[in-house]
Amino acid sequence: MHGLTPSLWPVRYKPFPDELTSSWLVRLAHGMGLKVQTFCNLIFGNRLQVWNRDIDRLAPSWLLDELIQRTATPKEIAYATSLRAYEGAFFNHFKASGVLPWVLNLKMYHRTRRAYGQQFCAECLAADEQPYFRRRWRLAFCTFCSIHQRLLDDRCHRCGEAVAYFRMDFGRDEASGEVPMRSCHACGARYDEAPPVLGDGYSREGMEWLVYRQELLDLQQGFELPGLDWSELAVLRQTLKLLGSTYRNVNLHEHLLVELGVDDPGLAPGRLLFEVRPTQERFHLLQLGAWMMSDVEEAFRRAWSARAFRYNHLLKDFRNAPEWFVGIAEGMRDWRSRTR
């Protein structure tokens, strides 16, 4: 391991655009000709375990600072590989545990993942000279690739295992050069050969609303996300909670199926958080919610008039609701009191 003792490593890959911390770390290990676990043990020792946590969410400073020093990567670029880069847009305040709005949950247990929190686009991986995993693929908001016009995958198409590319060299005698991050660790199937799943748009307005905001992610520089409005995303997430609600007086999902002439896809039962639903369910719900957001005040008034919810449901458990949305909810309350 003498080649790794100087300040700079002989292999000094910088993060690709929108690359995740974990993806960058795996590429560095394989670039050194080492298995991922061997590399991390040599660099961080047994005391600092890397893969028993969601390092893309937690992004510990001891890990990122080491990569900065050894690869001469600017600090802002290195720290922007973590999911904290979405603070102020997709969530107001970062927290290390619990539900983080819009961030898919991995449900880490030791080094295994019990949830399908890592998505990918098979055609993006196929087109990459060096395959890597994008940061946006950890967002529940992103369900399709606007470049290749296909839904994202969130598991192996052959065996159904969750994506865990850091485990792809488990069981191998040694790493012989770089190992492209294209294969399932469990069965060896190539992710870039996953058959395409195309999602039909329910409405032009809803799809345009989603595509425009997803494309804004391309403009992100470091921690700056120009154009994305936190208040819009917060209201959309509250709408998604109503769409998945099991309250007796909330039937917004059924109302929108009729409004848009869409068949019921049969959502998973129970009050599942949006961030743990599979990609196809999230794509379905996002289209309904985006259609409402495209003409937000009119859509909510129509749904309320159709008794799809009560006005007090709009603000239920909605912390720091934007003032403009509070105005919509209070307007419904005032209108009801005037018509009694």
# chains A, B, ... in the order shown; residues from 1 in each chain; ligands from 1
call {"tool": "select_by_dssp", "arguments": {"residues": "stretch 38-163 of chain A", "states": "helix (DSSP H, G or I)", "output": "PyMOL selection string"}}
result
chain A and resi 38-44+55-58+61-71+75-79+83-86+122-127+135-138
call {"tool": "residues_around", "arguments": {"residues": "stretch 85-89 of chain A", "least_positions_apart": "2", "cutoff": "12 Å", "atoms": "only C-alpha atoms", "output": "PyMOL selection string"}}
result
chain A and resi 18-21+56-59+76-83+91-95+100-103+135-136+138-139+141+213+216-217+220-234
call {"tool": "closest_residue", "arguments": {"among": "A:Asn105, A:Gln130, A:Thr38, A:Ser203", "to": "A:Asp154", "atoms": "only C-alpha atoms"}}
result
A:Asn105
call {"tool": "closest_residue", "arguments": {"among": "A:Ile328, A:Leu8, A:Val99, A:Val163", "to": "A:Glu66", "atoms": "only C-alpha atoms"}}
result
A:Leu8
call {"tool": "residues_around", "arguments": {"residues": "stretch 236-240 of chain A", "least_positions_apart": "2", "cutoff": "7 Å", "atoms": "only C-alpha atoms", "output": "VMD selection string"}}
result
chain A and resid 232 to 234 242 to 244 285 289 293 318
call {"tool": "residues_around", "arguments": {"residues": "A:Glu208", "least_positions_apart": "2", "cutoff": "12 Å", "atoms": "only C-alpha atoms", "output": "PyMOL selection string"}}
result
chain A and resi 146+201-206+210-215+286-287+290-291+293-294
call {"tool": "residues_around", "arguments": {"residues": "A:Ala126", "least_positions_apart": "3", "cutoff": "10 Å", "atoms": "only C-alpha atoms", "output": "ChimeraX atom specification"}}
result
/A:121-123,129-131,182,190-193
call {"tool": "closest_residue", "arguments": {"among": "A:Arg277, A:His157, A:Lys241, A:Arg248", "to": "A:Leu315", "atoms": "only C-alpha atoms"}}
result
A:Lys241
call {"tool": "residues_around", "arguments": {"residues": "A:Thr143", "least_positions_apart": "2", "cutoff": "7 Å", "atoms": "only C-alpha atoms", "output": "PyMOL selection string"}}
result
chain A and resi 140-141+151-152+279+282-283
call {"tool": "residues_around", "arguments": {"residues": "stretch 29-31 of chain A", "least_positions_apart": "3", "cutoff": "12 Å", "atoms": "only C-alpha atoms", "output": "PyMOL selection string"}}
result
chain A and resi 4+9-14+22-26+34-43+67+130+165-166+168-169+174-181
